[in-house]
$ cat final-v8.txt   # compact mmCIF, C-alpha atoms
# COMPACT_ATOMS: atom_id res chain seq x y z
CA MET A 1 231.03 -6.86 80.90
CA TYR A 2 231.14 -3.57 82.80
CA LYS A 3 232.73 -1.80 79.81
CA LEU A 4 230.08 -3.27 77.53
CA ARG A 5 227.28 -1.97 79.78
CA MET A 6 228.80 1.46 80.03
CA PHE A 7 229.36 1.37 76.26
CA ASN A 8 225.66 0.71 75.70
CA MET A 9 224.62 3.56 77.99
CA LYS A 10 227.05 5.98 76.35
CA TRP A 11 225.87 4.99 72.88
CA GLN A 12 222.28 5.66 73.84
CA LEU A 13 223.21 9.12 75.04
CA LEU A 14 225.24 9.69 71.88
CA ASN A 15 222.23 8.65 69.79
CA TYR A 16 220.10 11.37 71.38
CA PHE A 17 222.91 13.87 70.87
CA LEU A 18 223.33 12.76 67.23
CA ILE A 19 219.60 13.12 66.51
CA SER A 20 219.59 16.61 67.98
CA SER A 21 222.71 17.54 65.97
CA LEU A 22 221.31 16.15 62.70
CA LEU A 23 218.07 18.03 63.13
CA THR A 24 219.97 21.24 63.81
CA VAL A 25 222.38 20.82 60.88
CA SER A 26 219.55 19.82 58.52
CA SER A 27 217.53 22.86 59.49
CA ILE A 28 220.48 25.16 58.93
CA PHE A 29 221.22 23.54 55.54
CA ILE A 30 217.61 23.89 54.41
CA VAL A 31 217.45 27.51 55.43
CA LEU A 32 220.74 28.36 53.72
CA GLU A 33 219.73 26.50 50.56
CA TYR A 34 216.14 27.62 50.13
CA TYR A 35 215.63 30.66 52.36
CA SER A 36 218.89 32.59 51.92
CA ARG A 37 217.02 35.77 51.02
CA GLU A 38 214.82 35.64 54.14
CA LEU A 39 217.92 35.50 56.37
CA ALA A 40 218.34 39.21 55.81
CA SER A 41 215.26 39.75 57.99
CA TRP A 42 215.97 39.77 61.75
CA GLU A 43 212.47 38.45 62.43
CA PHE A 44 213.16 35.36 60.30
CA ARG A 45 216.48 34.75 62.03
CA MET A 46 214.84 35.06 65.46
CA TRP A 47 212.08 32.55 64.62
CA PHE A 48 214.62 30.22 63.08
CA LEU A 49 216.71 30.20 66.29
CA ILE A 50 213.56 29.64 68.36
CA ALA A 51 212.63 26.68 66.16
CA ILE A 52 216.13 25.16 66.46
CA LEU A 53 216.05 25.64 70.25
CA ALA A 54 212.58 24.06 70.51
CA VAL A 55 213.68 21.01 68.50
CA CYS A 56 216.80 20.51 70.67
CA LEU A 57 214.81 20.95 73.90
CA THR A 58 212.19 18.47 72.69
CA VAL A 59 214.81 15.83 71.95
CA GLY A 60 216.51 16.50 75.32
CA TYR A 61 213.19 16.34 77.18
CA ILE A 62 212.31 12.99 75.61
CA ALA A 63 215.71 11.58 76.52
CA THR A 64 215.75 12.88 80.12
CA LYS A 65 212.14 11.84 80.72
CA ARG A 66 212.93 8.27 79.73
CA TRP A 67 216.05 8.15 81.90
CA GLN A 68 214.29 9.85 84.81
CA ARG A 69 211.52 7.25 84.70
CA LYS A 70 214.10 4.47 85.00
CA VAL A 71 215.85 6.22 87.89
CA ASP A 72 212.49 6.78 89.62
CA GLU A 73 211.65 3.08 89.34
CA LEU A 74 214.93 2.19 91.05
CA HIS A 75 214.39 4.88 93.68
CA VAL A 76 210.89 3.63 94.53
CA ALA A 77 212.17 0.07 94.83
CA MET A 78 214.95 1.24 97.17
CA LEU A 79 212.43 3.12 99.34
CA GLU A 80 210.26 0.01 99.58
CA LEU A 81 213.29 -2.03 100.61
CA SER A 82 214.25 0.53 103.26
CA LYS A 83 210.70 0.37 104.68
CA GLY A 84 210.98 -3.38 105.18
CA ASN A 85 209.34 -4.59 101.98
CA PHE A 86 212.11 -7.08 101.19
CA SER A 87 210.09 -8.62 98.36
CA SER A 88 210.36 -5.41 96.31
CA ARG A 89 211.88 -5.99 92.86
CA VAL A 90 212.36 -4.00 89.65
CA GLU A 91 210.97 -5.43 86.42
CA LEU A 92 213.62 -6.11 83.80
CA GLU A 93 213.27 -5.32 80.11
CA PRO A 94 215.21 -7.24 77.43
CA VAL A 95 216.82 -4.16 75.85
CA GLU A 96 217.59 -1.64 78.55
CA PRO A 97 220.81 0.17 79.50
CA PHE A 98 219.62 0.20 83.14
CA MET A 99 219.12 -3.56 83.11
CA TYR A 100 222.43 -4.32 84.87
CA LEU A 101 221.53 -1.86 87.66
CA TYR A 102 218.10 -3.41 88.06
CA ASP A 103 219.56 -6.90 88.04
CA ALA A 104 222.15 -5.94 90.70
CA PHE A 105 219.43 -4.38 92.85
CA ASN A 106 217.18 -7.44 92.56
CA LYS A 107 220.03 -9.72 93.58
CA MET A 108 220.86 -7.47 96.53
CA ALA A 109 217.20 -7.37 97.62
CA ALA A 110 216.95 -11.17 97.39
CA SER A 111 220.11 -11.53 99.47
CA VAL A 112 218.82 -9.10 102.09
CA GLU A 113 215.47 -10.88 102.24
CA GLU A 114 217.17 -14.24 102.69
CA ARG A 115 219.44 -12.94 105.46
CA VAL A 116 216.61 -11.20 107.30
CA GLN A 117 214.61 -14.43 107.22
CA LEU A 118 217.62 -16.29 108.58
CA LEU A 119 218.10 -13.71 111.34
CA GLN A 120 214.43 -13.97 112.22
CA LYS A 121 214.67 -17.74 112.52
CA LEU A 122 217.81 -17.41 114.64
CA GLY A 123 216.07 -14.83 116.81
CA GLU A 124 213.09 -17.12 117.32
CA ALA A 125 215.39 -20.00 118.18
CA GLU A 126 217.32 -17.80 120.60
CA ALA A 127 214.09 -16.63 122.22
CA ILE A 128 212.99 -20.23 122.71
CA ARG A 129 216.42 -21.11 124.08
CA ASP A 130 216.35 -18.12 126.44
CA GLN A 131 212.92 -19.18 127.65
CA GLU A 132 214.20 -22.67 128.34
CA LEU A 133 217.23 -21.26 130.15
CA THR A 134 214.96 -19.03 132.22
CA GLU A 135 212.75 -21.96 133.14
CA ASN A 136 215.82 -23.99 134.07
CA ALA A 137 217.12 -21.10 136.15
CA VAL A 138 213.78 -20.82 137.95
CA MET A 139 213.78 -24.53 138.69
CA GLU A 140 217.36 -24.35 139.94
CA GLU A 141 216.49 -21.40 142.17
CA ARG A 142 213.54 -23.33 143.57
CA ARG A 143 215.80 -26.26 144.35
CA ARG A 144 218.29 -23.95 146.03
CA LEU A 145 215.60 -22.33 148.14
CA ALA A 146 214.20 -25.72 149.10
CA ARG A 147 217.70 -26.86 150.07
CA ASP A 148 218.34 -23.70 152.06
CA LEU A 149 214.99 -23.98 153.83
CA HIS A 150 215.72 -27.58 154.72
CA ASP A 151 219.25 -26.86 155.91
CA THR A 152 218.39 -23.76 157.96
CA VAL A 153 214.83 -22.84 158.86
CA SER A 154 213.42 -26.37 158.75
CA GLN A 155 216.05 -27.71 161.11
CA GLU A 156 215.67 -24.73 163.44
CA LEU A 157 211.90 -25.19 163.55
CA PHE A 158 212.31 -28.90 164.22
CA ALA A 159 214.68 -28.15 167.12
CA ILE A 160 212.21 -25.58 168.49
CA HIS A 161 209.41 -28.13 168.21
CA MET A 162 211.41 -30.77 170.06
CA SER A 163 212.38 -28.35 172.84
CA ALA A 164 208.83 -27.05 173.17
CA SER A 165 207.49 -30.62 173.30
CA SER A 166 209.84 -31.50 176.14
CA LEU A 167 209.09 -28.35 178.11
CA PRO A 168 205.93 -29.69 179.93
CA LYS A 169 207.84 -32.74 181.23
CA ILE A 170 210.76 -30.55 182.31
CA LEU A 171 208.37 -28.26 184.22
CA GLU A 172 206.87 -31.32 185.89
CA ARG A 173 210.16 -33.01 186.84
CA ASN A 174 212.67 -30.15 187.15
CA PRO A 175 211.14 -26.67 187.17
CA ASP A 176 214.53 -25.04 187.67
CA ALA A 177 215.78 -26.32 184.30
CA ALA A 178 212.76 -24.85 182.46
CA GLY A 179 214.37 -21.40 182.36
CA THR A 180 217.37 -22.74 180.44
CA VAL A 181 215.08 -24.45 177.92
CA MET A 182 213.08 -21.25 177.51
CA ASP A 183 216.26 -19.30 176.80
CA GLN A 184 217.23 -21.89 174.19
CA LEU A 185 213.81 -21.62 172.59
CA ILE A 186 214.08 -17.83 172.40
CA GLN A 187 217.58 -18.03 170.91
CA MET A 188 216.59 -20.67 168.34
CA SER A 189 213.44 -18.79 167.32
CA HIS A 190 215.47 -15.60 166.91
CA HIS A 191 217.99 -17.45 164.74
CA ALA A 192 215.21 -19.01 162.64
CA GLN A 193 213.64 -15.60 162.15
CA LYS A 194 216.99 -14.25 161.03
CA GLN A 195 217.39 -17.10 158.52
CA MET A 196 213.88 -16.53 157.17
CA ARG A 197 214.50 -12.80 156.72
CA GLY A 198 217.61 -13.65 154.75
CA LEU A 199 215.70 -15.92 152.38
CA ILE A 200 212.94 -13.35 151.95
CA SER A 201 215.46 -10.62 151.16
CA GLN A 202 216.93 -12.84 148.44
CA LEU A 203 213.49 -13.32 146.91
CA ARG A 204 212.60 -9.63 147.01
CA PRO A 205 213.13 -8.20 143.50
CA ILE A 206 215.63 -5.38 143.17
CA GLU A 207 214.95 -3.15 140.20
CA LEU A 208 218.01 -1.79 138.37
CA ASN A 209 216.16 -0.60 135.28
CA ASP A 210 215.39 2.88 136.55
CA ARG A 211 218.41 3.39 138.77
CA SER A 212 222.14 2.91 138.73
CA LEU A 213 223.99 0.19 140.62
CA GLN A 214 225.15 2.74 143.20
CA GLU A 215 221.61 4.02 143.79
CA ALA A 216 220.27 0.48 144.19
CA LEU A 217 223.04 -0.50 146.62
CA GLU A 218 222.60 2.64 148.71
CA LYS A 219 219.02 1.57 149.34
CA TRP A 220 219.40 -2.21 149.51
CA PHE A 221 222.77 -2.80 151.22
CA PRO A 222 222.05 -1.01 154.55
CA GLU A 223 218.67 -2.74 154.82
CA TYR A 224 220.23 -6.12 154.15
CA CYS A 225 222.93 -5.56 156.78
CA ARG A 226 220.36 -4.33 159.31
CA ASN A 227 218.16 -7.39 158.79
CA HIS A 228 221.13 -9.69 159.37
CA GLU A 229 222.63 -7.74 162.26
CA LEU A 230 225.77 -6.79 160.33
CA GLN A 231 227.80 -3.60 160.51
CA GLY A 232 227.89 -2.66 156.86
CA GLN A 233 230.22 -0.22 155.09
CA LEU A 234 229.54 0.77 151.48
CA ASP A 235 232.04 2.55 149.24
CA VAL A 236 231.08 2.98 145.56
CA SER A 237 233.37 5.18 143.48
CA LEU A 238 232.46 5.16 139.79
CA ARG A 239 233.09 8.27 137.72
CA ASP A 240 231.58 6.97 134.48
CA PRO A 241 228.40 4.92 133.95
CA ILE A 242 228.91 1.21 133.36
CA SER A 243 226.91 -1.10 131.12
CA GLU A 244 223.69 -2.69 132.32
CA ALA A 245 225.18 -6.17 131.88
CA ILE A 246 228.07 -5.41 134.24
CA GLU A 247 225.74 -3.75 136.75
CA HIS A 248 223.43 -6.75 136.70
CA GLN A 249 226.22 -9.29 137.16
CA PHE A 250 227.84 -7.18 139.89
CA PHE A 251 224.57 -7.05 141.79
CA LEU A 252 224.05 -10.81 141.54
CA ILE A 253 227.63 -11.40 142.72
CA ILE A 254 227.06 -9.09 145.68
CA GLN A 255 223.87 -10.91 146.64
CA GLU A 256 225.60 -14.27 146.43
CA GLY A 257 228.62 -13.04 148.39
CA LEU A 258 226.53 -11.54 151.19
CA ALA A 259 224.43 -14.71 151.38
CA ASN A 260 227.66 -16.66 151.95
CA VAL A 261 228.70 -14.21 154.66
CA VAL A 262 225.39 -14.69 156.48
CA LYS A 263 225.38 -18.48 156.15
CA HIS A 264 229.01 -19.41 156.74
CA ALA A 265 231.12 -16.53 158.05
CA SER A 266 229.51 -15.75 161.46
CA ALA A 267 230.69 -12.20 160.83
CA LYS A 268 229.89 -9.00 162.70
CA GLY A 269 230.84 -6.57 159.94
CA VAL A 270 231.17 -6.47 156.18
CA ARG A 271 232.66 -3.93 153.76
CA LEU A 272 231.59 -3.58 150.14
CA ALA A 273 233.66 -1.47 147.73
CA ILE A 274 233.27 -0.89 144.00
CA TYR A 275 235.72 1.27 142.09
CA GLU A 276 237.32 1.64 138.69
CA ARG A 277 240.81 1.64 137.32
CA GLU A 278 241.94 2.54 133.82
CA HIS A 279 241.36 -0.97 132.49
CA GLN A 280 239.30 -2.65 135.22
CA TYR A 281 236.18 -2.48 137.32
CA VAL A 282 236.84 -3.89 140.78
CA LEU A 283 234.32 -5.22 143.30
CA GLN A 284 235.62 -6.12 146.75
CA LEU A 285 233.62 -7.76 149.55
CA GLN A 286 235.37 -8.29 152.88
CA ASP A 287 234.05 -9.64 156.19
CA ASP A 288 235.51 -10.15 159.66
CA GLY A 289 234.12 -13.65 160.10
CA GLN A 290 235.69 -16.97 160.94
CA GLY A 291 237.24 -17.55 157.51
CA PHE A 292 238.40 -20.90 156.15
CA GLU A 293 241.50 -22.63 154.87
CA ARG A 294 242.63 -22.07 151.28
CA LYS A 295 242.38 -25.79 150.52
CA ASP A 296 238.68 -25.69 151.40
CA ILE A 297 237.81 -22.80 149.05
CA SER A 298 236.39 -25.05 146.33
CA SER A 299 234.11 -26.84 148.77
CA ALA A 300 233.42 -24.01 151.20
CA SER A 301 230.39 -22.75 149.31
CA HIS A 302 228.60 -23.35 146.05
CA GLY A 303 228.15 -19.59 145.87
CA LEU A 304 231.87 -18.95 145.37
CA SER A 305 231.92 -20.95 142.14
CA THR A 306 228.73 -19.19 141.03
CA MET A 307 230.37 -15.80 141.54
CA ARG A 308 233.40 -16.93 139.54
CA GLU A 309 231.17 -18.10 136.69
CA ARG A 310 229.34 -14.75 136.61
CA ALA A 311 232.61 -12.84 136.46
CA GLN A 312 234.00 -15.08 133.72
CA LYS A 313 230.94 -14.34 131.57
CA LEU A 314 232.21 -10.77 131.37
CA GLY A 315 235.83 -11.74 130.81
CA GLY A 316 236.76 -11.22 134.46
CA ASP A 317 237.88 -13.35 137.36
CA VAL A 318 237.44 -13.74 141.11
CA GLU A 319 240.20 -13.78 143.73
CA ILE A 320 239.40 -15.21 147.19
CA ASP A 321 241.63 -14.68 150.24
CA SER A 322 240.69 -16.25 153.56
CA LYS A 323 242.30 -17.49 156.76
CA LEU A 324 240.80 -19.10 159.82
CA GLY A 325 239.90 -16.38 162.29
CA SER A 326 240.84 -13.55 159.91
CA GLY A 327 237.76 -13.23 157.73
CA THR A 328 237.40 -13.52 153.97
CA ARG A 329 238.00 -11.12 151.10
CA VAL A 330 236.44 -11.65 147.69
CA ARG A 331 237.76 -9.46 144.86
CA VAL A 332 236.12 -9.42 141.41
CA ARG A 333 237.89 -7.82 138.46
CA ILE A 334 236.05 -7.07 135.21
CA PRO A 335 237.86 -5.63 132.14
CA ARG A 336 237.01 -2.01 131.41
CA PHE A 337 237.11 -0.72 127.83
CA THR A 338 237.09 3.01 127.27
CA GLY A 339 234.93 2.54 124.16
CA GLN A 340 232.03 1.36 126.32
CA THR A 341 231.38 4.86 127.61
CA GLY A 342 233.14 6.92 124.95
CA ILE A 343 235.23 8.65 127.60
CA VAL A 344 238.87 7.87 128.26
CA THR A 345 239.47 8.05 132.00
CA LYS A 346 242.76 8.50 133.73
CA GLU A 347 244.21 5.76 135.86
CA ARG A 348 243.21 5.91 139.49
CA GLU A 349 245.98 7.20 141.67
CA GLY A 350 247.15 4.93 144.44
CA GLU A 351 245.71 1.71 145.69
CA GLY A 352 243.60 3.14 148.50
CA HIS A 353 240.94 0.48 148.00
CA GLU A 354 243.36 -2.40 148.15

$ encode --input "final-v8.txt" --output "structure tokens"
Amino acid sequence: MYKLRMFNMKWQLLNYFLISSLLTVSSIFIVLEYYSRELASWEFRMWFLIAILAVCLTVGYIATKRWQRKVDELHVAMLELSKGNFSSRVELEPVEPFMYLYDAFNKMAASVEERVQLLQKLGEAEAIRDQELTENAVMEERRRLARDLHDTVSQELFAIHMSASSLPKILERNPDAAGTVMDQLIQMSHHAQKQMRGLISQLRPIELNDRSLQEALEKWFPEYCRNHELQGQLDVSLRDPISEAIEHQFFLIIQEGLANVVKHASAKGVRLAIYEREHQYVLQLQDDGQGFERKDISSASHGLSTMRERAQKLGGDVEIDSKLGSGTRVRVRIPRFTGQTGIVTKEREGEGHE
């Protein structure tokens, strides 16, 4: 079929060439046969050559104009397709050497239009699904906050209320014991305030769009530690920029990990380190709290499983080391591909962060 099409196109070109050749040969024959005497004049020869040249140019112009028009039609259709007009088609003529090109273009345009429509439908479905996931995430976060409020602040406030309610009777019956109750009230109110600050800090939005992960942590981490009376140490060592997805997941993991430290660890200090190796990004969060047994890791906190799920979304994993009385260390490893930044980095020397 391809040879037949090319054969038709070549024959059409040969036809134009044959017409031009016949006209030229016929003109020369006529001149030699009937105007042989006039050939002695240079003026006659000059006008004869001009006439032959004009005839050949006319035939060539007609041929190229017709072919140029066909090429222009295809070009215009391609421009329309590139501008997003996927319904653009080229009209086919029954006898046309360009017909196979037009037919191939029309089929390609129809295929592109069909695929774009499919992608649009998939995009709409994904947008709806993302909206549903977001709504589910919001509902889950509301449940978590309600649970945290009930387990922490609500119980503290109830204990304060009970102690404050019993204070008048204690003053009436045993004034000396009132001082102890007052100290308990002050301690419980301070603890409740600390718990409330923690919940508020979790709700406060942290923008990463206009800043890097390191810049956000340098502002947020000290404030978080100060609000929760922790001695914080931050060490971020990243030579190359990392993707927004990894930054976002790292930040959520850090928030979850620090929330666990505040709720369960009873720690005085915490150290956060983020660094890179040749094939890994590493996040390490270590506290000096009370720790827990390895067998209780799965049930120690819902946040630990959440951190593991976030890391696994990026192809990474979470390692948790903890002992009673020796604190807890959470280490997150995310694969690092040099193609993400376009720069091949050398392997970090030593294990100074380990």

$ residues_around --input "final-v8.txt" --residues "Leu285 in chain A" --least-positions-apart "2" --cutoff "10 Å" --atoms "all atoms listed in the file" --output "ChimeraX atom specification"
/A:233-234,253-254,257-258,261,270-274,283,287,320,328-332

$ atom_distance --input "final-v8.txt" --atom1 "CA of Thr152 in chain A" --atom2 "CA of His190 in chain A"
12.5 Å

$ atom_distance --input "final-v8.txt" --atom1 "CA of Tyr61 in chain A" --atom2 "CA of Ile19 in chain A"
12.9 Å

$ closest_residue --input "final-v8.txt" --among "A:Ala110, A:Leu92, A:Leu122, A:Met162" --to "Glu73 in chain A" --atoms "all atoms listed in the file"
A:Leu92

$ atom_distance --input "final-v8.txt" --atom1 "CA of Ser305 in chain A" --atom2 "CA of Gln249 in chain A"
13.9 Å

$ closest_residue --input "final-v8.txt" --among "A:Asp317, A:Glu276, A:Asp72, A:Glu309" --to "Arg333 in chain A" --atoms "all atoms listed in the file"
A:Asp317

$ closest_residue --input "final-v8.txt" --among "A:Glu114, A:Lys263, A:Trp220, A:Val76" --to "Val153 in chain A" --atoms "all atoms listed in the file"
A:Lys263

$ closest_residue --input "final-v8.txt" --among "A:Thr134, A:Gln214, A:Gln231, A:Ser21" --to "His248 in chain A" --atoms "only C-alpha atoms"
A:Gln214

$ closest_residue --input "final-v8.txt" --among "A:Met307, A:Val181, A:Tyr281, A:Lys107" --to "Lys169 in chain A" --atoms "only C-alpha atoms"
A:Val181

$ residues_around --input "final-v8.txt" --residues "Leu49 in chain A" --least-positions-apart "3" --cutoff "12 Å" --atoms "only C-alpha atoms" --output "list in words"
Thr24, Ser27, Ile28, Val31, Leu39, Trp42, Glu43, Phe44, Arg45, Met46, Ile52, Leu53, Ala54, Val55 and Cys56 of chain A

$ closest_residue --input "final-v8.txt" --among "A:Ala178, A:Val236, A:Leu81, A:Leu133" --to "Ser111 in chain A" --atoms "all atoms listed in the file"
A:Leu81

$ residues_around --input "final-v8.txt" --residues "Met188 in chain A" --least-positions-apart "5" --cutoff "12 Å" --atoms "only C-alpha atoms" --output "MDAnalysis selection string"
chainID A and resid 152:164 181:183 193:195

$ decode --input "final-v8.txt" --residues "range 269-279 of chain A" --atoms "all heavy atoms" --output "compact mmCIF listing (two decimals), in the first residue's frame"
# COMPACT_ATOMS: atom_id res chain seq x y z
N GLY A 269 14.24 16.47 76.94
CA GLY A 269 14.92 16.96 75.74
C GLY A 269 14.62 16.10 74.54
O GLY A 269 14.28 14.91 74.67
N VAL A 270 14.77 16.70 73.36
CA VAL A 270 14.51 15.98 72.12
C VAL A 270 15.48 16.50 71.05
O VAL A 270 15.80 17.69 71.02
CB VAL A 270 13.04 16.15 71.66
CG1 VAL A 270 12.73 17.62 71.39
CG2 VAL A 270 12.76 15.32 70.42
N ARG A 271 15.95 15.59 70.20
CA ARG A 271 16.89 15.95 69.14
C ARG A 271 16.32 15.52 67.81
O ARG A 271 15.92 14.37 67.62
CB ARG A 271 18.24 15.27 69.37
CG ARG A 271 19.27 15.59 68.27
CD ARG A 271 20.62 14.97 68.61
NE ARG A 271 21.62 15.28 67.59
CZ ARG A 271 21.87 14.53 66.53
NH1 ARG A 271 21.21 13.40 66.35
NH2 ARG A 271 22.79 14.88 65.65
N LEU A 272 16.27 16.47 66.87
CA LEU A 272 15.75 16.21 65.53
C LEU A 272 16.88 16.42 64.53
O LEU A 272 17.50 17.49 64.50
CB LEU A 272 14.58 17.15 65.21
CG LEU A 272 14.05 17.11 63.78
CD1 LEU A 272 13.51 15.73 63.43
CD2 LEU A 272 12.97 18.18 63.58
N ALA A 273 17.15 15.40 63.72
CA ALA A 273 18.20 15.48 62.70
C ALA A 273 17.66 15.01 61.37
O ALA A 273 16.94 14.00 61.30
CB ALA A 273 19.41 14.64 63.11
N ILE A 274 18.01 15.73 60.32
CA ILE A 274 17.66 15.35 58.95
C ILE A 274 18.92 15.49 58.11
O ILE A 274 19.55 16.55 58.09
CB ILE A 274 16.54 16.23 58.37
CG1 ILE A 274 15.29 16.18 59.26
CG2 ILE A 274 16.19 15.79 56.96
CD1 ILE A 274 14.19 17.11 58.79
N TYR A 275 19.29 14.43 57.42
CA TYR A 275 20.49 14.48 56.59
C TYR A 275 20.31 13.55 55.41
O TYR A 275 19.32 12.81 55.32
CB TYR A 275 21.74 14.11 57.40
CG TYR A 275 21.66 12.79 58.13
CD1 TYR A 275 22.17 11.62 57.57
CD2 TYR A 275 21.07 12.71 59.39
CE1 TYR A 275 22.10 10.41 58.24
CE2 TYR A 275 21.00 11.50 60.07
CZ TYR A 275 21.51 10.36 59.49
OH TYR A 275 21.43 9.16 60.16
N GLU A 276 21.27 13.58 54.50
CA GLU A 276 21.18 12.80 53.28
C GLU A 276 22.41 11.92 53.11
O GLU A 276 23.52 12.29 53.50
CB GLU A 276 21.01 13.71 52.05
CG GLU A 276 22.18 14.65 51.83
CD GLU A 276 21.94 15.59 50.66
OE1 GLU A 276 20.84 15.55 50.08
OE2 GLU A 276 22.85 16.37 50.34
N ARG A 277 22.17 10.76 52.53
CA ARG A 277 23.24 9.89 52.09
C ARG A 277 23.16 9.81 50.57
O ARG A 277 22.33 10.48 49.94
CB ARG A 277 23.10 8.51 52.71
CG ARG A 277 23.27 8.51 54.24
CD ARG A 277 23.01 7.14 54.80
NE ARG A 277 23.21 7.11 56.25
CZ ARG A 277 22.85 6.09 57.01
NH1 ARG A 277 22.26 5.03 56.47
NH2 ARG A 277 23.05 6.13 58.32
N GLU A 278 23.98 8.96 49.98
CA GLU A 278 23.98 8.87 48.52
C GLU A 278 22.65 8.37 47.98
O GLU A 278 22.18 8.84 46.95
CB GLU A 278 25.12 7.97 48.05
CG GLU A 278 25.24 7.92 46.53
CD GLU A 278 26.38 7.04 46.06
OE1 GLU A 278 26.97 6.35 46.90
OE2 GLU A 278 26.66 7.05 44.86
N HIS A 279 22.04 7.44 48.70
CA HIS A 279 20.80 6.82 48.20
C HIS A 279 19.65 6.95 49.20
O HIS A 279 18.63 6.28 49.02
CB HIS A 279 21.04 5.34 47.89
CG HIS A 279 22.11 5.09 46.88
ND1 HIS A 279 22.00 5.48 45.56
CD2 HIS A 279 23.33 4.52 46.99
CE1 HIS A 279 23.10 5.13 44.90
NE2 HIS A 279 23.92 4.56 45.75
